[in-house]
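Undergrad: The following file, target.cif, comprises mmCIF, C-alpha atoms:
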```cif
data_target
#
loop_
_atom_site.label_atom_id
_atom_site.label_comp_id
_atom_site.auth_asym_id
_atom_site.auth_seq_id
_atom_site.Cartn_x
_atom_site.Cartn_y
_atom_site.Cartn_z
CA MET A 1277 0.00 0.00 0.00
CA THR A 1278 1.22 3.49 -0.74
CA ASN A 1279 2.18 6.10 1.83
CA ASP A 1280 -0.98 8.08 1.12
CA LYS A 1281 -3.04 5.23 2.63
CA LEU A 1282 -0.91 5.34 5.77
CA ARG A 1283 -1.37 9.10 5.98
CA SER A 1284 -5.11 8.69 5.53
CA VAL A 1285 -5.31 6.27 8.46
CA ASN A 1286 -3.07 8.43 10.66
CA ARG A 1287 -5.06 11.57 9.89
CA GLU A 1288 -8.29 9.85 10.83
CA LEU A 1289 -6.80 8.45 14.05
CA ASN A 1290 -5.50 11.89 14.96
CA ARG A 1291 -8.95 13.36 14.34
CA ILE A 1292 -10.77 10.70 16.36
CA LEU A 1293 -8.62 10.34 19.45
CA PRO A 1294 -8.87 12.58 22.53
CA VAL A 1295 -6.24 15.29 22.86
CA LYS A 1296 -6.17 16.70 26.39
CA GLY A 1297 -5.18 15.05 29.65
CA LYS A 1298 -2.88 12.30 30.87
CA LEU A 1299 -5.08 9.52 29.51
CA ALA A 1300 -5.14 11.09 26.05
CA ARG A 1301 -1.35 11.47 26.07
CA ALA A 1302 -0.96 7.81 27.05
CA ILE A 1303 -3.31 6.69 24.26
CA ARG A 1304 -1.51 8.79 21.67
CA TYR A 1305 1.91 7.61 22.84
CA SER A 1306 0.98 4.04 21.96
CA ILE A 1307 -1.11 4.71 18.85
CA PHE A 1308 1.55 6.91 17.26
CA ALA A 1309 4.55 4.83 18.34
CA GLY A 1310 5.48 3.97 14.75
CA GLY A 1311 3.41 0.91 13.91
CA LYS A 1312 3.14 -0.18 10.28
CA ARG A 1313 -0.68 -0.04 10.34
CA PHE A 1314 -0.85 -3.51 8.78
CA ARG A 1315 -4.38 -4.18 10.00
CA PRO A 1316 -6.02 -0.96 8.80
CA LEU A 1317 -4.19 -1.33 5.50
CA LEU A 1318 -5.62 -4.84 5.28
CA CYS A 1319 -9.09 -3.32 5.70
CA LEU A 1320 -8.47 -0.79 2.91
CA ALA A 1321 -7.02 -3.48 0.63
CA THR A 1322 -10.09 -5.66 1.23
CA ALA A 1323 -12.35 -2.75 0.30
CA LYS A 1324 -10.37 -2.31 -2.91
CA ALA A 1325 -10.72 -5.99 -3.75
CA LEU A 1326 -14.49 -5.62 -3.36
CA GLY A 1327 -14.69 -2.41 -5.40
CA CYS A 1328 -15.74 -0.49 -2.28
CA SER A 1329 -14.73 3.07 -1.36
CA GLU A 1330 -12.02 3.70 1.23
CA LYS A 1331 -14.20 6.27 2.95
CA LYS A 1332 -16.83 3.62 3.72
CA VAL A 1333 -14.40 1.53 5.77
CA LEU A 1334 -11.90 4.07 7.16
CA ARG A 1335 -13.52 4.37 10.59
CA PHE A 1336 -13.64 0.59 10.90
CA ALA A 1337 -9.97 0.40 9.90
CA CYS A 1338 -9.13 2.87 12.67
CA ALA A 1339 -11.23 0.93 15.18
CA VAL A 1340 -9.24 -2.22 14.36
CA GLU A 1341 -5.95 -0.38 14.92
CA MET A 1342 -7.24 0.93 18.26
CA ILE A 1343 -8.16 -2.61 19.34
CA HIS A 1344 -4.79 -3.92 18.18
CA THR A 1345 -2.97 -1.23 20.16
CA PHE A 1346 -5.10 -2.00 23.21
CA THR A 1347 -4.02 -5.66 23.06
CA LEU A 1348 -0.35 -4.68 22.73
CA ILE A 1349 -0.52 -2.35 25.75
CA HIS A 1350 -1.99 -5.14 27.88
CA ASP A 1351 0.32 -7.83 26.46
CA ASP A 1352 3.35 -5.78 27.49
CA LEU A 1353 2.26 -5.47 31.14
CA PRO A 1354 4.26 -7.24 33.88
CA ALA A 1355 1.34 -9.61 34.48
CA MET A 1356 1.52 -10.74 30.84
CA ASP A 1357 4.74 -10.61 28.77
CA ASN A 1358 6.53 -8.08 31.01
CA SER A 1359 8.08 -6.26 28.03
CA ASN A 1360 10.08 -3.07 28.32
CA LEU A 1361 10.37 -2.22 24.62
CA ARG A 1362 7.83 -1.98 21.79
CA ARG A 1363 8.52 -0.57 18.31
CA GLY A 1364 11.88 0.71 19.50
CA LYS A 1365 10.36 2.77 22.33
CA LYS A 1366 9.65 2.16 25.99
CA THR A 1367 6.42 0.27 26.53
CA LEU A 1368 3.57 2.38 27.83
CA HIS A 1369 3.58 1.07 31.40
CA LYS A 1370 7.27 2.03 31.64
CA VAL A 1371 6.36 5.61 30.71
CA VAL A 1372 3.10 6.26 32.58
CA GLY A 1373 2.90 3.41 35.08
CA GLU A 1374 0.87 0.21 35.07
CA GLY A 1375 -2.38 1.77 36.24
CA VAL A 1376 -2.62 4.41 33.53
CA ALA A 1377 -1.41 1.92 30.91
CA ILE A 1378 -4.23 -0.48 31.80
CA LEU A 1379 -6.76 2.36 31.65
CA ALA A 1380 -5.38 3.60 28.30
CA GLY A 1381 -5.94 0.12 26.88
CA ASP A 1382 -9.43 0.02 28.34
CA ALA A 1383 -10.20 3.43 26.84
CA LEU A 1384 -8.97 2.39 23.39
CA ASN A 1385 -11.20 -0.68 23.53
CA THR A 1386 -14.22 1.44 24.43
CA LEU A 1387 -13.45 4.18 21.90
CA ALA A 1388 -13.07 1.61 19.11
CA PHE A 1389 -16.53 0.18 19.63
CA LYS A 1390 -18.04 3.63 20.11
CA LEU A 1391 -16.59 4.55 16.72
CA ILE A 1392 -18.41 1.72 14.91
CA ALA A 1393 -21.49 1.48 17.13
CA ASP A 1394 -23.74 2.35 14.17
CA GLU A 1395 -22.33 -0.58 12.15
CA PRO A 1396 -23.61 -3.64 14.04
CA ALA A 1397 -22.37 -6.28 11.60
CA ALA A 1398 -18.82 -4.91 11.62
CA SER A 1399 -18.96 -4.44 15.40
CA LYS A 1400 -19.97 -8.07 15.81
CA GLU A 1401 -17.04 -9.24 13.69
CA LEU A 1402 -14.59 -7.19 15.74
CA SER A 1403 -16.02 -8.18 19.13
CA THR A 1404 -15.98 -11.85 18.13
CA ALA A 1405 -12.33 -11.53 17.13
CA LEU A 1406 -11.39 -9.76 20.35
CA LEU A 1407 -12.89 -12.55 22.44
CA GLU A 1408 -10.80 -15.02 20.43
CA VAL A 1409 -7.69 -12.92 21.03
CA VAL A 1410 -8.39 -13.06 24.77
CA GLU A 1411 -8.92 -16.83 24.60
CA GLY A 1412 -5.62 -17.12 22.76
CA GLN A 1413 -3.84 -15.12 25.44
CA VAL A 1414 -5.30 -17.35 28.15
CA ALA A 1415 -4.13 -20.44 26.26
CA ASP A 1416 -0.71 -18.84 25.83
CA ILE A 1417 -0.45 -18.17 29.57
CA GLU A 1418 -1.50 -21.73 30.36
CA SER A 1419 1.18 -23.08 28.01
CA ALA A 1420 3.95 -21.17 29.80
CA ASN A 1421 6.90 -23.41 30.66
CA LYS A 1422 5.35 -26.15 28.55
CA LYS A 1423 6.15 -27.23 25.02
CA PRO A 1424 2.87 -27.20 23.06
CA THR A 1425 2.13 -29.60 20.23
CA LEU A 1426 2.04 -28.20 16.71
CA LYS A 1427 -1.75 -28.48 16.75
CA GLN A 1428 -1.95 -26.53 20.03
CA LEU A 1429 0.45 -23.86 18.79
CA LYS A 1430 -1.57 -23.35 15.60
CA ALA A 1431 -4.78 -23.09 17.64
CA ILE A 1432 -3.28 -20.46 19.96
CA HIS A 1433 -2.23 -18.31 17.03
CA GLN A 1434 -5.47 -18.75 15.12
CA TRP A 1435 -6.89 -16.95 18.14
CA LYS A 1436 -4.10 -14.54 19.05
CA THR A 1437 -3.06 -13.42 15.57
CA ALA A 1438 -5.37 -14.68 12.82
CA ALA A 1439 -8.62 -13.71 14.58
CA LEU A 1440 -7.99 -9.96 14.31
CA LEU A 1441 -6.81 -10.24 10.70
CA LYS A 1442 -9.96 -12.19 9.96
CA ALA A 1443 -12.01 -9.42 11.56
CA CYS A 1444 -10.30 -6.90 9.26
CA VAL A 1445 -11.47 -8.63 6.11
CA ARG A 1446 -14.84 -9.86 7.39
CA GLY A 1447 -15.81 -6.55 8.99
CA THR A 1448 -14.82 -4.71 5.84
CA ALA A 1449 -16.69 -7.23 3.71
CA ARG A 1450 -19.83 -6.68 5.79
CA LEU A 1451 -19.56 -2.92 5.34
CA CYS A 1452 -19.07 -3.36 1.60
CA GLY A 1453 -22.00 -5.75 1.10
CA ALA A 1454 -19.89 -8.72 0.00
CA SER A 1455 -21.56 -11.89 -1.22
CA ASN A 1456 -21.32 -15.12 0.77
CA SER A 1457 -18.77 -16.54 -1.66
CA GLU A 1458 -16.64 -13.41 -1.40
CA LEU A 1459 -16.88 -13.49 2.39
CA ASN A 1460 -15.86 -17.15 2.52
CA ALA A 1461 -12.88 -16.59 0.23
CA LEU A 1462 -11.69 -13.57 2.20
CA THR A 1463 -12.09 -15.49 5.47
CA ALA A 1464 -9.89 -18.30 4.17
CA TYR A 1465 -7.33 -15.74 2.96
CA ALA A 1466 -7.17 -14.11 6.40
CA GLU A 1467 -6.90 -17.39 8.30
CA HIS A 1468 -3.90 -18.48 6.23
CA LEU A 1469 -2.43 -14.98 6.29
CA GLY A 1470 -2.68 -14.90 10.08
CA LEU A 1471 -0.80 -18.15 10.51
CA ALA A 1472 1.86 -17.05 8.01
CA PHE A 1473 2.18 -13.78 9.91
CA GLN A 1474 2.76 -15.54 13.25
CA ILE A 1475 5.24 -18.05 11.85
CA ALA A 1476 7.19 -15.16 10.30
CA ASP A 1477 7.10 -13.39 13.67
CA ASP A 1478 8.51 -16.45 15.39
CA ILE A 1479 11.25 -16.71 12.76
CA LEU A 1480 12.15 -13.07 13.37
CA ASP A 1481 12.33 -13.76 17.09
CA VAL A 1482 15.15 -16.18 16.29
CA THR A 1483 16.92 -14.38 13.45
CA ALA A 1484 16.44 -10.61 13.95
CA THR A 1485 18.36 -8.22 16.17
CA ARG A 1486 16.71 -6.23 18.95
CA LYS A 1487 17.35 -3.02 16.99
CA ALA A 1488 15.74 -4.33 13.81
CA LEU A 1489 12.75 -5.81 15.63
CA GLY A 1490 12.16 -2.82 17.90
CA LYS A 1491 11.50 -5.05 20.91
CA PRO A 1492 13.34 -7.73 22.91
CA VAL A 1493 14.17 -10.84 20.87
CA GLY A 1494 14.09 -14.42 22.03
CA ALA A 1495 10.86 -14.19 24.03
CA ASP A 1496 9.27 -17.05 22.06
CA ARG A 1497 12.34 -19.12 21.31
CA THR A 1498 11.31 -21.91 23.65
CA LYS A 1499 7.75 -22.33 22.34
CA GLY A 1500 7.53 -20.70 18.91
CA PHE A 1501 7.35 -22.52 15.59
CA PRO A 1502 11.16 -22.74 15.08
CA ALA A 1503 11.55 -24.29 18.54
CA LEU A 1504 8.92 -26.86 17.70
CA VAL A 1505 9.70 -27.79 14.09
CA GLY A 1506 13.02 -26.07 13.31
CA LEU A 1507 13.85 -22.91 11.39
CA GLU A 1508 13.83 -24.34 7.87
CA ARG A 1509 10.54 -26.16 8.28
CA SER A 1510 9.05 -23.02 9.79
CA LYS A 1511 10.02 -21.07 6.66
CA LYS A 1512 8.41 -23.73 4.48
CA MET A 1513 5.26 -23.66 6.59
CA ALA A 1514 5.04 -19.86 6.26
CA GLU A 1515 5.42 -20.12 2.48
CA ALA A 1516 2.75 -22.83 2.34
CA GLU A 1517 0.31 -20.67 4.31
CA LYS A 1518 1.03 -17.75 1.99
CA ARG A 1519 0.26 -19.89 -1.05
CA LYS A 1520 -3.03 -21.00 0.48
CA ALA A 1521 -3.88 -17.37 1.22
CA LEU A 1522 -3.16 -16.39 -2.38
CA ASP A 1523 -5.17 -19.34 -3.71
CA SER A 1524 -8.18 -18.01 -1.81
CA LEU A 1525 -8.07 -14.81 -3.88
CA LYS A 1526 -8.34 -16.41 -7.32
CA GLY A 1527 -11.88 -15.16 -7.86
CA PHE A 1528 -11.03 -11.50 -7.28
CA GLY A 1529 -8.72 -10.75 -10.21
CA LYS A 1530 -6.44 -7.72 -10.21
CA LYS A 1531 -8.58 -5.85 -7.68
CA ALA A 1532 -7.03 -8.06 -4.99
CA ASP A 1533 -3.42 -7.30 -5.95
CA VAL A 1534 -2.86 -5.26 -2.79
CA LEU A 1535 -4.05 -8.19 -0.69
CA ARG A 1536 -1.50 -10.30 -2.54
CA GLU A 1537 1.20 -7.71 -1.84
CA LEU A 1538 0.37 -7.80 1.87
CA ALA A 1539 0.74 -11.58 1.91
CA ALA A 1540 4.13 -11.29 0.22
CA TYR A 1541 5.17 -8.63 2.74
CA VAL A 1542 4.24 -10.90 5.65
CA ILE A 1543 6.56 -13.64 4.40
CA ALA A 1544 9.38 -11.27 3.43
CA ARG A 1545 9.58 -10.15 7.08
CA GLY A 1546 10.69 -13.63 8.14
CA LYS A 1547 13.36 -14.13 5.50
#
```
As C-alpha cells, please, write out the structure in this file.
TA:
Amino acid sequence: MTNDKLRSVNRELNRILPVKGKLARAIRYSIFAGGKRFRPLLCLATAKALGCSEKKVLRFACAVEMIHTFTLIHDDLPAMDNSNLRRGKKTLHKVVGEGVAILAGDALNTLAFKLIADEPAASKELSTALLEVVEGQVADIESANKKPTLKQLKAIHQWKTAALLKACVRGTARLCGASNSELNALTAYAEHLGLAFQIADDILDVTATRKALGKPVGADRTKGFPALVGLERSKKMAEAEKRKALDSLKGFGKKADVLRELAAYVIARGK
C-alpha cells in the first residue's frame, strides 16, 4: 500500500482520538509509536478488492488499529509478557505506570466500539475476534513453561493473531456488502495470512536483532514454531500458508493485488 493510505489512516486516528489530559497522552503515545498499520491497510485493501470506497471503511480500519494497540498495551504489562520495549520505544507502562497503561488500553477498547457502534455487523465481527484474542492469550499463559504440540500452537495463534486479521477482512466485507462466496474466500485468505504472519514473527524472534525488531528478541524461542519444528521447516510452513492465502483470492482478479502484496510482505519479514 502506498504512503498516502498510511497518511489517511493516521489523519483519521489523529482526528478521532482525545487530545487533552494524561489519559489522552498515554493513548496517543501508543497509537503513534510507529506501527506499520498492517491491520487498517488490510481493511483498505479488502475494500479495494471488493470495489468499495475507502471512505466507507476508514472508521472501521481505525477501530481495528485501536483494538490492536489496546491488546499490545496489555500484552506488554508485567502480568503478561513483562516487556520493556515496543517498536523501538519504551512500553507504555514504563512511561506512565501500570495503572494508567491499563486504563489507556481500556479506553482504546471502548473508543473503538463507540466509533463503529452504528455498524452492528462490523462491530460483531470485531467483538468476536477480540474474544478469540483473549482466549488465545489465556491459552498462551497456560502453556507457559510447557512445550505445546504443533496443533496446540496453531490453535493459539489462530486466536491470538489470525482472529484480528480475519475481523479486518470480514468486517470490511460486511460494510461493503460482499456476497457469501466473497466473504468465505476472504475469510480463508485471512486465516492463512494470520498463521503465516505468526510463523514469520517467530522466525524473526530467532533471526532478527533487537534493533531491527524494535523489541526484545528471544521471548518465544522456547515455544515458537522454530523451537517446535526447526527454522527451515518453519520457513516452508510460512510459504505454504502464503500460497493458500493467495489461492483463496483467485476469484477477485487484479482488484485483490494489494491483498497479494500484503501476503508477500508478511513472508518477506521472516526471510
Undergrad: Check which residues satisfy the PyMOL selection byres ((chain A and resi 1423) around 8) in the file shown, then give them as a PyMOL selection string.
TA: chain A and resi 1419+1421-1422+1424-1425+1498-1499+1504
Undergrad: Between CA of Phe1314 (chain A) and CA of Gly1375 (chain A), what is the spacing in Å?
TA: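 CA of Phe1314 (chain A) lies at a distance of 28.0 Å from CA of Gly1375 (chain A).
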Undergrad: What residues come out when you apply the PyMOL selection byres ((chain A and resi 1469) around 7) to this file, written as a ChimeraX atom specification?
TA: /A:1465-1468,1470-1473,1517-1518,1521,1539
Undergrad: Please identify every residue of region 1394-1488 of chain A that has at least one atom no farther than 10 Å from an atom of region 1323-1339 of chain A, counting all atoms listed in the file, and for each give the shortest atom pair and the distance in Å to one decimal, arranged by chain then increasing number, as a Markdown table.
TA:
```
| residue | atom | partner | partner_atom | distance |
| --- | --- | --- | --- | --- |
| A:Glu1395 | CA | A:Phe1336 | CA | 8.9 |
| A:Ala1398 | CA | A:Phe1336 | CA | 7.6 |
| A:Ser1399 | CA | A:Phe1336 | CA | 8.6 |
| A:Leu1402 | CA | A:Ala1339 | CA | 8.8 |
| A:Cys1444 | CA | A:Ala1337 | CA | 7.3 |
| A:Val1445 | CA | A:Ala1323 | CA | 8.3 |
| A:Gly1447 | CA | A:Phe1336 | CA | 7.7 |
| A:Thr1448 | CA | A:Val1333 | CA | 6.3 |
| A:Ala1449 | CA | A:Ala1323 | CA | 7.1 |
| A:Arg1450 | CA | A:Val1333 | CA | 9.8 |
| A:Leu1451 | CA | A:Val1333 | CA | 6.8 |
| A:Cys1452 | CA | A:Cys1328 | CA | 5.9 |
| A:Gly1453 | CA | A:Leu1326 | CA | 8.7 |
| A:Ala1454 | CA | A:Leu1326 | CA | 7.1 |
| A:Ser1455 | CA | A:Leu1326 | CA | 9.7 |
| A:Glu1458 | CA | A:Leu1326 | CA | 8.3 |
| A:Leu1462 | CA | A:Ala1325 | CA | 9.7 |
```
Undergrad: Convert the output of the PyMOL selection byres ((chain A and resi 1352) around 12) on the shown file into explicit residues, formatted as a PDB file with C-alpha atoms, in the coordinates of the input.
TA:
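selection10.pdb written:
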```pdb
ATOM      1  CA  SER A1306       0.980   4.040  21.960  1.00  0.00           C
ATOM      2  CA  THR A1345      -2.970  -1.230  20.160  1.00  0.00           C
ATOM      3  CA  PHE A1346      -5.100  -2.000  23.210  1.00  0.00           C
ATOM      4  CA  THR A1347      -4.020  -5.660  23.060  1.00  0.00           C
ATOM      5  CA  LEU A1348      -0.350  -4.680  22.730  1.00  0.00           C
ATOM      6  CA  ILE A1349      -0.520  -2.350  25.750  1.00  0.00           C
ATOM      7  CA  HIS A1350      -1.990  -5.140  27.880  1.00  0.00           C
ATOM      8  CA  ASP A1351       0.320  -7.830  26.460  1.00  0.00           C
ATOM      9  CA  LEU A1353       2.260  -5.470  31.140  1.00  0.00           C
ATOM     10  CA  PRO A1354       4.260  -7.240  33.880  1.00  0.00           C
ATOM     11  CA  ALA A1355       1.340  -9.610  34.480  1.00  0.00           C
ATOM     12  CA  MET A1356       1.520 -10.740  30.840  1.00  0.00           C
ATOM     13  CA  ASP A1357       4.740 -10.610  28.770  1.00  0.00           C
ATOM     14  CA  ASN A1358       6.530  -8.080  31.010  1.00  0.00           C
ATOM     15  CA  SER A1359       8.080  -6.260  28.030  1.00  0.00           C
ATOM     16  CA  ASN A1360      10.080  -3.070  28.320  1.00  0.00           C
ATOM     17  CA  LEU A1361      10.370  -2.220  24.620  1.00  0.00           C
ATOM     18  CA  ARG A1362       7.830  -1.980  21.790  1.00  0.00           C
ATOM     19  CA  ARG A1363       8.520  -0.570  18.310  1.00  0.00           C
ATOM     20  CA  LYS A1366       9.650   2.160  25.990  1.00  0.00           C
ATOM     21  CA  THR A1367       6.420   0.270  26.530  1.00  0.00           C
ATOM     22  CA  LEU A1368       3.570   2.380  27.830  1.00  0.00           C
ATOM     23  CA  HIS A1369       3.580   1.070  31.400  1.00  0.00           C
ATOM     24  CA  LYS A1370       7.270   2.030  31.640  1.00  0.00           C
ATOM     25  CA  GLY A1373       2.900   3.410  35.080  1.00  0.00           C
ATOM     26  CA  GLU A1374       0.870   0.210  35.070  1.00  0.00           C
ATOM     27  CA  ALA A1377      -1.410   1.920  30.910  1.00  0.00           C
ATOM     28  CA  ILE A1378      -4.230  -0.480  31.800  1.00  0.00           C
ATOM     29  CA  GLY A1381      -5.940   0.120  26.880  1.00  0.00           C
ATOM     30  CA  GLN A1413      -3.840 -15.120  25.440  1.00  0.00           C
ATOM     31  CA  LYS A1491      11.500  -5.050  20.910  1.00  0.00           C
ATOM     32  CA  PRO A1492      13.340  -7.730  22.910  1.00  0.00           C
ATOM     33  CA  ALA A1495      10.860 -14.190  24.030  1.00  0.00           C
TER      34      ALA A1495
END
```
Undergrad: Kindly give the distance, in Å, that separates CA of Ile1303 (chain A) and CA of Ile1343 (chain A), rounded to a single decimal.
TA: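 Here the two named atoms are 11.6 Å from each other.
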Undergrad: In Å, rounded to a single decimal, give me how far CA of Tyr1541 (chain A) is from CA of Leu1426 (chain A).
TA: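 Value for the CA of Leu1426 (chain A)-CA of Tyr1541 (chain A) distance: 24.2 Å.
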Undergrad: Find the residues around Ile1543 (chain A) up to 7 Å (all atoms listed in the file counted), leave out those fewer than 5 positions away in its own chain, and share them as an NGL selection string.
TA: :A and (1472 or 1476 or 1514-1515)
Undergrad: Export C-alpha atoms of the chosen residues as a compact mmCIF listing (two decimals), in the frame of the given file?
TA:
```txt
# COMPACT_ATOMS: atom_id res chain seq x y z
CA ALA A 1472 1.86 -17.05 8.01
CA ALA A 1476 7.19 -15.16 10.30
CA ALA A 1514 5.04 -19.86 6.26
CA GLU A 1515 5.42 -20.12 2.48
```
Undergrad: Restricting the calculation to only C-alpha atoms: of A:Leu1282, A:Val1376, A:Val1505, A:Leu1317, which residue gets closest to Arg1301 (chain A)?
TA: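 Looking only at the distances to Arg1301 (chain A), the closest residue turns out to be A:Val1376.
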Undergrad: For each of A:Gly1412, A:Leu1320, A:Leu1379, A:Leu1384, take the minimum atom-to-atom distance to Lys1531 (chain A), counting all atoms listed in the file, then give the residue where this is smallest.
TA: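 The closest residue to Lys1531 (chain A) is A:Leu1320.
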Undergrad: From the list A:Trp1435, A:Leu1289, A:Leu1318, A:Ala1383, which residue is nearest Glu1537 (chain A) when using all atoms listed in the file?
TA: A:Leu1318
Undergrad: Could you pull the residues within 12 Å of Lys1526 (chain A), counting all atoms listed in the file, minus those fewer than 2 positions along the same chain, as a PyMOL selection string?
TA: chain A and resi 1325+1457-1458+1461-1462+1464-1465+1519-1524+1528-1533+1535-1536
